[in-house]
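This is coords-v8.txt (compact mmCIF, N, CA and C atoms).
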```txt
# COMPACT_ATOMS: atom_id res chain seq x y z
N SER A 1 -22.63 25.26 86.47
CA SER A 1 -22.11 26.59 86.21
C SER A 1 -20.83 26.53 85.39
N HIS A 2 -20.02 25.46 85.55
CA HIS A 2 -18.81 25.28 84.76
C HIS A 2 -19.17 25.10 83.28
N LYS A 3 -20.25 24.34 83.04
CA LYS A 3 -20.69 24.13 81.65
C LYS A 3 -21.16 25.44 81.03
N ILE A 4 -21.87 26.25 81.82
CA ILE A 4 -22.37 27.53 81.30
C ILE A 4 -21.20 28.45 80.99
N ALA A 5 -20.21 28.54 81.91
CA ALA A 5 -19.06 29.40 81.71
C ALA A 5 -18.25 28.97 80.50
N SER A 6 -18.05 27.66 80.33
CA SER A 6 -17.28 27.20 79.18
C SER A 6 -18.05 27.43 77.88
N GLY A 7 -19.39 27.32 77.96
CA GLY A 7 -20.22 27.60 76.78
C GLY A 7 -20.12 29.05 76.36
N ILE A 8 -20.10 29.96 77.35
CA ILE A 8 -19.98 31.39 77.06
C ILE A 8 -18.61 31.69 76.48
N LEU A 9 -17.56 31.07 77.06
CA LEU A 9 -16.20 31.27 76.57
C LEU A 9 -16.08 30.76 75.13
N LEU A 10 -16.63 29.59 74.86
CA LEU A 10 -16.58 29.02 73.51
C LEU A 10 -17.33 29.92 72.52
N GLN A 11 -18.50 30.41 72.93
CA GLN A 11 -19.26 31.30 72.06
C GLN A 11 -18.48 32.58 71.78
N SER A 12 -17.83 33.12 72.79
CA SER A 12 -17.05 34.34 72.63
C SER A 12 -15.90 34.11 71.65
N ARG A 13 -15.20 32.96 71.78
CA ARG A 13 -14.09 32.65 70.87
C ARG A 13 -14.63 32.48 69.44
N ASN A 14 -15.77 31.83 69.29
CA ASN A 14 -16.34 31.64 67.96
C ASN A 14 -16.70 32.98 67.31
N GLU A 15 -17.24 33.89 68.11
CA GLU A 15 -17.57 35.21 67.58
C GLU A 15 -16.32 35.96 67.15
N GLN A 16 -15.23 35.86 67.97
CA GLN A 16 -13.99 36.53 67.61
C GLN A 16 -13.42 35.93 66.32
N THR A 17 -13.45 34.60 66.23
CA THR A 17 -12.95 33.93 65.03
C THR A 17 -13.78 34.33 63.82
N SER A 18 -15.10 34.37 64.00
CA SER A 18 -15.99 34.78 62.91
C SER A 18 -15.69 36.20 62.48
N ASP A 19 -15.48 37.11 63.44
CA ASP A 19 -15.16 38.49 63.11
C ASP A 19 -13.84 38.59 62.35
N ASN A 20 -12.83 37.81 62.79
CA ASN A 20 -11.53 37.83 62.12
C ASN A 20 -11.64 37.30 60.69
N ILE A 21 -12.39 36.22 60.51
CA ILE A 21 -12.56 35.66 59.17
C ILE A 21 -13.29 36.67 58.29
N HIS A 22 -14.32 37.30 58.83
CA HIS A 22 -15.08 38.29 58.05
C HIS A 22 -14.17 39.44 57.62
N MET A 23 -13.34 39.95 58.55
CA MET A 23 -12.47 41.07 58.21
C MET A 23 -11.43 40.66 57.16
N LYS A 24 -10.88 39.45 57.29
CA LYS A 24 -9.88 38.99 56.31
C LYS A 24 -10.52 38.78 54.95
N ASN A 25 -11.71 38.20 54.92
CA ASN A 25 -12.38 37.96 53.65
C ASN A 25 -12.85 39.26 53.00
N GLU A 26 -13.23 40.23 53.80
CA GLU A 26 -13.69 41.51 53.27
C GLU A 26 -12.59 42.18 52.46
N ALA A 27 -11.36 42.04 52.92
CA ALA A 27 -10.23 42.63 52.20
C ALA A 27 -10.00 41.92 50.86
N ARG A 28 -10.44 40.68 50.73
CA ARG A 28 -10.24 39.90 49.51
C ARG A 28 -11.37 40.08 48.49
N ILE A 29 -12.47 40.64 48.92
CA ILE A 29 -13.61 40.80 48.02
C ILE A 29 -13.29 41.93 47.05
N PRO A 30 -13.30 41.62 45.74
CA PRO A 30 -12.97 42.68 44.78
C PRO A 30 -14.06 43.74 44.70
N ARG A 31 -13.67 44.92 44.32
CA ARG A 31 -14.59 46.04 44.14
C ARG A 31 -15.54 45.73 42.99
N GLN A 32 -16.79 46.04 43.15
CA GLN A 32 -17.76 45.84 42.08
C GLN A 32 -17.85 47.09 41.21
N TYR A 33 -17.94 46.86 39.90
CA TYR A 33 -18.17 47.94 38.94
C TYR A 33 -19.45 47.59 38.20
N TYR A 34 -20.26 48.59 37.96
CA TYR A 34 -21.57 48.35 37.37
C TYR A 34 -21.64 48.84 35.93
N ALA A 35 -22.49 48.19 35.19
CA ALA A 35 -22.79 48.59 33.82
C ALA A 35 -24.27 48.34 33.62
N LYS A 36 -24.85 49.05 32.67
CA LYS A 36 -26.24 48.76 32.30
C LYS A 36 -26.32 48.66 30.79
N GLY A 37 -27.33 47.98 30.34
CA GLY A 37 -27.57 47.85 28.91
C GLY A 37 -28.80 48.63 28.53
N ASN A 38 -28.69 49.41 27.47
CA ASN A 38 -29.79 50.24 27.00
C ASN A 38 -30.40 49.64 25.74
N TYR A 39 -31.69 49.88 25.57
CA TYR A 39 -32.41 49.39 24.40
C TYR A 39 -33.16 50.54 23.72
N PHE A 40 -33.23 50.45 22.40
CA PHE A 40 -34.00 51.39 21.60
C PHE A 40 -35.00 50.59 20.77
N THR A 41 -36.15 51.20 20.50
CA THR A 41 -37.19 50.58 19.68
C THR A 41 -37.25 51.26 18.33
N LEU A 42 -37.51 50.46 17.30
CA LEU A 42 -37.66 50.98 15.94
C LEU A 42 -39.08 51.53 15.78
N GLN A 43 -39.19 52.70 15.18
CA GLN A 43 -40.50 53.29 14.88
C GLN A 43 -40.48 53.86 13.47
N ASN A 44 -41.66 54.02 12.87
CA ASN A 44 -41.84 54.67 11.56
C ASN A 44 -41.07 54.00 10.41
N GLN A 45 -40.72 52.76 10.59
CA GLN A 45 -40.01 52.05 9.52
C GLN A 45 -40.27 50.56 9.69
N LYS A 46 -40.56 49.90 8.59
CA LYS A 46 -40.81 48.46 8.65
C LYS A 46 -39.49 47.74 8.90
N GLN A 47 -39.53 46.87 9.86
CA GLN A 47 -38.30 46.13 10.15
C GLN A 47 -38.16 44.98 9.16
N PRO A 48 -36.94 44.71 8.72
CA PRO A 48 -36.72 43.71 7.69
C PRO A 48 -36.44 42.30 8.22
N PHE A 49 -36.48 42.14 9.54
CA PHE A 49 -36.01 40.88 10.12
C PHE A 49 -37.17 39.93 10.43
N ALA A 50 -36.94 38.66 10.15
CA ALA A 50 -37.89 37.62 10.53
C ALA A 50 -37.35 36.83 11.73
N ARG A 51 -36.07 37.03 12.01
CA ARG A 51 -35.41 36.32 13.10
C ARG A 51 -34.51 37.29 13.87
N LEU A 52 -34.00 36.80 14.98
CA LEU A 52 -33.07 37.61 15.77
C LEU A 52 -31.78 37.81 15.01
N VAL A 53 -31.12 38.93 15.25
CA VAL A 53 -29.84 39.24 14.62
C VAL A 53 -28.82 39.47 15.75
N TYR A 54 -27.78 38.65 15.74
CA TYR A 54 -26.71 38.79 16.73
C TYR A 54 -25.41 39.12 16.03
N PRO A 55 -24.91 40.33 16.17
CA PRO A 55 -23.62 40.68 15.55
C PRO A 55 -22.47 40.09 16.37
N LEU A 56 -21.26 40.32 15.91
CA LEU A 56 -20.09 39.88 16.69
C LEU A 56 -20.02 40.68 17.98
N PRO A 57 -19.49 40.07 19.05
CA PRO A 57 -19.36 40.80 20.32
C PRO A 57 -18.48 42.03 20.18
N ASP A 58 -18.78 43.01 21.01
CA ASP A 58 -18.02 44.26 21.04
C ASP A 58 -16.75 44.01 21.85
N PRO A 59 -15.57 44.29 21.32
CA PRO A 59 -14.33 44.03 22.06
C PRO A 59 -14.19 44.89 23.33
N ARG A 60 -14.96 45.99 23.43
CA ARG A 60 -14.92 46.83 24.63
C ARG A 60 -15.82 46.30 25.73
N GLY A 61 -16.57 45.23 25.43
CA GLY A 61 -17.49 44.64 26.40
C GLY A 61 -18.87 44.49 25.81
N GLY A 62 -19.53 43.43 26.17
CA GLY A 62 -20.89 43.19 25.71
C GLY A 62 -20.95 42.33 24.46
N LEU A 63 -22.14 41.93 24.13
CA LEU A 63 -22.36 41.03 23.00
C LEU A 63 -22.67 41.77 21.71
N GLY A 64 -22.66 43.08 21.73
CA GLY A 64 -22.99 43.85 20.55
C GLY A 64 -24.47 44.17 20.52
N VAL A 65 -24.82 45.23 19.85
CA VAL A 65 -26.22 45.66 19.75
C VAL A 65 -26.94 44.74 18.77
N HIS A 66 -27.83 43.93 19.28
CA HIS A 66 -28.54 43.00 18.41
C HIS A 66 -30.00 43.38 18.25
N ALA A 67 -30.64 42.77 17.29
CA ALA A 67 -32.05 43.03 16.99
C ALA A 67 -32.89 41.89 17.53
N THR A 68 -33.93 42.25 18.26
CA THR A 68 -34.89 41.25 18.75
C THR A 68 -36.29 41.71 18.35
N ILE A 69 -37.16 40.75 18.22
CA ILE A 69 -38.55 41.03 17.88
C ILE A 69 -39.37 40.60 19.08
N ASP A 70 -40.11 41.55 19.68
CA ASP A 70 -40.89 41.20 20.86
C ASP A 70 -42.21 40.55 20.45
N LEU A 71 -43.00 40.16 21.43
CA LEU A 71 -44.25 39.43 21.16
C LEU A 71 -45.26 40.24 20.36
N SER A 72 -45.15 41.56 20.40
CA SER A 72 -46.09 42.39 19.63
C SER A 72 -45.59 42.63 18.20
N GLY A 73 -44.40 42.12 17.88
CA GLY A 73 -43.84 42.30 16.54
C GLY A 73 -42.94 43.52 16.40
N SER A 74 -42.76 44.26 17.49
CA SER A 74 -41.87 45.42 17.46
C SER A 74 -40.41 44.98 17.50
N THR A 75 -39.57 45.76 16.86
CA THR A 75 -38.13 45.46 16.87
C THR A 75 -37.44 46.32 17.91
N LYS A 76 -36.65 45.67 18.74
CA LYS A 76 -35.86 46.36 19.76
C LYS A 76 -34.40 46.08 19.47
N PHE A 77 -33.57 47.09 19.69
CA PHE A 77 -32.14 46.96 19.49
C PHE A 77 -31.43 47.17 20.82
N GLY A 78 -30.47 46.31 21.11
CA GLY A 78 -29.70 46.45 22.32
C GLY A 78 -29.24 45.08 22.79
N PRO A 79 -28.61 45.01 23.89
CA PRO A 79 -28.16 46.15 24.68
C PRO A 79 -26.78 46.63 24.26
N ASP A 80 -26.51 47.87 24.59
CA ASP A 80 -25.14 48.34 24.52
C ASP A 80 -24.56 48.14 25.91
N VAL A 81 -23.37 48.63 26.16
CA VAL A 81 -22.79 48.57 27.50
C VAL A 81 -22.47 49.99 27.92
N GLU A 82 -23.14 50.43 28.97
CA GLU A 82 -22.87 51.75 29.54
C GLU A 82 -22.27 51.54 30.92
N TRP A 83 -20.97 51.80 31.03
CA TRP A 83 -20.30 51.65 32.32
C TRP A 83 -20.74 52.77 33.24
N ILE A 84 -21.05 52.41 34.46
CA ILE A 84 -21.52 53.37 35.47
C ILE A 84 -20.31 53.94 36.19
N ASP A 85 -20.37 55.23 36.51
CA ASP A 85 -19.27 55.89 37.21
C ASP A 85 -18.85 55.08 38.44
N ALA A 86 -17.55 54.96 38.64
CA ALA A 86 -17.02 54.15 39.74
C ALA A 86 -17.43 54.67 41.12
N SER A 87 -17.88 55.91 41.20
CA SER A 87 -18.31 56.44 42.50
C SER A 87 -19.63 55.80 42.96
N VAL A 88 -20.35 55.16 42.05
CA VAL A 88 -21.60 54.49 42.41
C VAL A 88 -21.25 53.13 43.02
N THR A 89 -21.59 52.96 44.29
CA THR A 89 -21.29 51.71 44.98
C THR A 89 -22.55 50.93 45.33
N ASN A 90 -23.70 51.54 45.14
CA ASN A 90 -24.96 50.88 45.43
C ASN A 90 -25.75 50.78 44.11
N PRO A 91 -26.07 49.57 43.67
CA PRO A 91 -26.77 49.44 42.39
C PRO A 91 -28.13 50.13 42.36
N TYR A 92 -28.71 50.38 43.51
CA TYR A 92 -30.01 51.07 43.54
C TYR A 92 -29.87 52.56 43.23
N ASP A 93 -28.63 53.04 43.18
CA ASP A 93 -28.39 54.45 42.85
C ASP A 93 -28.21 54.68 41.35
N ILE A 94 -28.27 53.62 40.56
CA ILE A 94 -28.06 53.74 39.11
C ILE A 94 -29.32 54.31 38.46
N ASP A 95 -29.14 55.31 37.64
CA ASP A 95 -30.25 55.90 36.88
C ASP A 95 -30.57 54.94 35.73
N MET A 96 -31.75 54.37 35.74
CA MET A 96 -32.12 53.38 34.75
C MET A 96 -32.81 53.98 33.52
N ASN A 97 -32.88 55.30 33.44
CA ASN A 97 -33.43 55.93 32.24
C ASN A 97 -32.43 55.80 31.10
N VAL A 98 -32.95 55.67 29.90
CA VAL A 98 -32.10 55.59 28.71
C VAL A 98 -31.85 57.01 28.20
N ASP A 99 -30.59 57.34 28.04
CA ASP A 99 -30.21 58.64 27.50
C ASP A 99 -30.43 58.63 25.99
N PRO A 100 -31.34 59.44 25.48
CA PRO A 100 -31.60 59.46 24.03
C PRO A 100 -30.37 59.79 23.19
N ASN A 101 -29.38 60.45 23.79
CA ASN A 101 -28.15 60.78 23.07
C ASN A 101 -27.32 59.54 22.72
N ARG A 102 -27.63 58.41 23.34
CA ARG A 102 -26.92 57.17 23.02
C ARG A 102 -27.36 56.62 21.67
N ALA A 103 -28.41 57.18 21.10
CA ALA A 103 -28.91 56.69 19.81
C ALA A 103 -27.84 56.76 18.72
N LYS A 104 -26.98 57.76 18.78
CA LYS A 104 -25.94 57.91 17.74
C LYS A 104 -25.09 56.64 17.62
N SER A 105 -24.66 56.10 18.75
CA SER A 105 -23.85 54.88 18.70
C SER A 105 -24.69 53.67 18.28
N PHE A 106 -25.99 53.70 18.57
CA PHE A 106 -26.87 52.62 18.13
C PHE A 106 -27.01 52.62 16.61
N TYR A 107 -27.21 53.81 16.03
CA TYR A 107 -27.31 53.90 14.57
C TYR A 107 -26.06 53.30 13.92
N ALA A 108 -24.90 53.67 14.42
CA ALA A 108 -23.64 53.16 13.85
C ALA A 108 -23.56 51.64 13.97
N ALA A 109 -23.91 51.11 15.13
CA ALA A 109 -23.83 49.66 15.35
C ALA A 109 -24.83 48.91 14.48
N ILE A 110 -26.05 49.40 14.41
CA ILE A 110 -27.12 48.71 13.66
C ILE A 110 -26.84 48.77 12.16
N ARG A 111 -26.32 49.89 11.70
CA ARG A 111 -26.07 50.03 10.25
C ARG A 111 -24.96 49.11 9.75
N LYS A 112 -24.23 48.49 10.64
CA LYS A 112 -23.24 47.50 10.22
C LYS A 112 -23.93 46.28 9.63
N TYR A 113 -25.13 45.96 10.13
CA TYR A 113 -25.86 44.81 9.58
C TYR A 113 -27.19 45.20 8.93
N TRP A 114 -27.61 46.47 9.09
CA TRP A 114 -28.82 46.96 8.43
C TRP A 114 -28.59 48.41 7.98
N PRO A 115 -27.94 48.59 6.84
CA PRO A 115 -27.59 49.94 6.39
C PRO A 115 -28.79 50.81 6.02
N ASP A 116 -29.97 50.23 5.85
CA ASP A 116 -31.15 51.00 5.45
C ASP A 116 -31.90 51.65 6.62
N LEU A 117 -31.38 51.54 7.82
CA LEU A 117 -32.01 52.20 8.97
C LEU A 117 -32.00 53.71 8.74
N LYS A 118 -33.18 54.31 8.82
CA LYS A 118 -33.29 55.75 8.57
C LYS A 118 -33.07 56.55 9.86
N ASP A 119 -32.50 57.74 9.70
CA ASP A 119 -32.30 58.64 10.84
C ASP A 119 -33.64 58.97 11.49
N GLY A 120 -33.62 59.09 12.82
CA GLY A 120 -34.81 59.51 13.55
C GLY A 120 -35.77 58.39 13.88
N ASN A 121 -35.45 57.16 13.51
CA ASN A 121 -36.41 56.05 13.72
C ASN A 121 -36.12 55.19 14.94
N LEU A 122 -35.19 55.59 15.75
CA LEU A 122 -34.93 54.88 17.01
C LEU A 122 -35.43 55.73 18.18
N VAL A 123 -36.13 55.07 19.10
CA VAL A 123 -36.67 55.74 20.27
C VAL A 123 -36.12 55.03 21.52
N ALA A 124 -35.62 55.81 22.48
CA ALA A 124 -35.13 55.24 23.73
C ALA A 124 -36.25 54.42 24.37
N ASP A 125 -35.90 53.21 24.83
CA ASP A 125 -36.93 52.33 25.38
C ASP A 125 -36.67 52.01 26.85
N TYR A 126 -35.84 51.04 27.14
CA TYR A 126 -35.62 50.64 28.53
C TYR A 126 -34.17 50.23 28.74
N SER A 127 -33.79 50.03 29.99
CA SER A 127 -32.45 49.57 30.29
C SER A 127 -32.51 48.53 31.40
N GLY A 128 -31.43 47.84 31.53
CA GLY A 128 -31.37 46.81 32.58
C GLY A 128 -29.95 46.44 32.87
```
Spell out the structure here as structure tokens.
Amino acid sequence: SHKIASGILLQSRNEQTSDNIHMKNEARIPRQYYAKGNYFTLQNQKQPFARLVYPLPDPRGGLGVHATIDLSGSTKFGPDVEWIDASVTNPYDIDMNVDPNRAKSFYAAIRKYWPDLKDGNLVADYSG
């Protein structure tokens, strides 16, 4: 019975220590902020690229809107960086739909390396 009592006491102390460590570490864990990257697909215009295009990184965050060619030969542009409102604390609450209004900034970014991109030829595709 002495062994059982000391085992229970030891377990209780370990749980208290574990709880204290958890509480102290929780205060040290930095707040997470979320961002998503949006992609647009080129339509109604022949893409001029035979290889991937990577522009210089965006100083506000991200690697810049680049051009990729998928397995079907379609050209996709992205990702941009869309910072998620700080009130969102659960990543499952992020709306993963691409806002078509973001196309304006895509046109500006893409035209830095492909000035012949025509208006209206980008379609919202996916985000991640």
Atom CA of A:Phe106 to atom CA of A:Arg60 measures 14.8 Å
Residue with the minimum atom-to-atom distance to A:Tyr92, picked from A:Tyr34, A:Ile29, A:Phe77, A:Leu56 with only C-alpha atoms counted, is A:Tyr34
Would you please work out which residue, of A:His66, A:Lys104, A:Arg28, A:Lys76, is nearest to A:Leu42 when using only N, CA and C atoms?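 Answer, going by the shortest atom-to-atom distance: A:Lys76.
Going from atom CA of A:Asn101 to atom C of A:Gly37 covers 13.3 Å.
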Tell me which protein, DNA and RNA residues are within 8 Å of A:Phe40, counting only C-alpha atoms, leaving out same-chain ones fewer than 2 positions away, and put them as a list of chain:residue names.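 Close residues of A:Phe40: A:Asn38, A:Leu42, A:Lys76, A:Phe77, A:Gly78, A:Ala103, A:Leu122, A:Val123, A:Ala124, A:Asp125, A:Tyr126.
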At a cut-off of 9 Å, using only C-alpha atoms, what residues contact A:Leu117? Leave out same-chain residues fewer than 5 positions from it and give the result as a short mmCIF file (atom, residue, chain, number, x, y, z; two decimals) with N, CA and C atoms, in the frame of the given file.
```
data_model
loop_
_atom_site.label_atom_id
_atom_site.label_comp_id
_atom_site.auth_asym_id
_atom_site.auth_seq_id
_atom_site.Cartn_x
_atom_site.Cartn_y
_atom_site.Cartn_z
N GLN A 45 -40.72 52.76 10.59
CA GLN A 45 -40.01 52.05 9.52
C GLN A 45 -40.27 50.56 9.69
N GLN A 47 -39.53 46.87 9.86
CA GLN A 47 -38.30 46.13 10.15
C GLN A 47 -38.16 44.98 9.16
N TYR A 107 -27.21 53.81 16.03
CA TYR A 107 -27.31 53.90 14.57
C TYR A 107 -26.06 53.30 13.92
N ILE A 110 -26.05 49.40 14.41
CA ILE A 110 -27.12 48.71 13.66
C ILE A 110 -26.84 48.77 12.16
N ARG A 111 -26.32 49.89 11.70
CA ARG A 111 -26.07 50.03 10.25
C ARG A 111 -24.96 49.11 9.75
N LEU A 122 -35.19 55.59 15.75
CA LEU A 122 -34.93 54.88 17.01
C LEU A 122 -35.43 55.73 18.18
#
```
How many Å separate atom CA of A:Thr68 from atom CA of A:Met96?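 We find that atom CA of A:Thr68 and atom CA of A:Met96 lie 20.3 Å from each other.
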When you count only N, CA and C atoms, which of these residues is closest to A:Ser127: A:Asn90, A:Leu71, A:Asn97, A:Val65?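 Comparing A:Asn90, A:Leu71, A:Asn97, A:Val65 against A:Ser127, the winner is A:Asn97.
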Running DSSP on the backbone, which parts of stretch 14-91 of chain A land in strand (DSSP E or B), as a PyMOL selection string? chain A and resi 35-36+38-42+53+66-69+75-78+82-83
Which residue out of A:Thr41, A:Tyr113, A:Lys46, A:Ile84 has the minimum interatomic distance to A:Asp70 when only C-alpha atoms are used?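 Closest residue, counting only C-alpha atoms: A:Thr41.
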For A:Tyr39, which of A:Lys112, A:Arg102, A:Arg51, A:Lys118 is the closest residue, counting only C-alpha atoms? A:Arg102
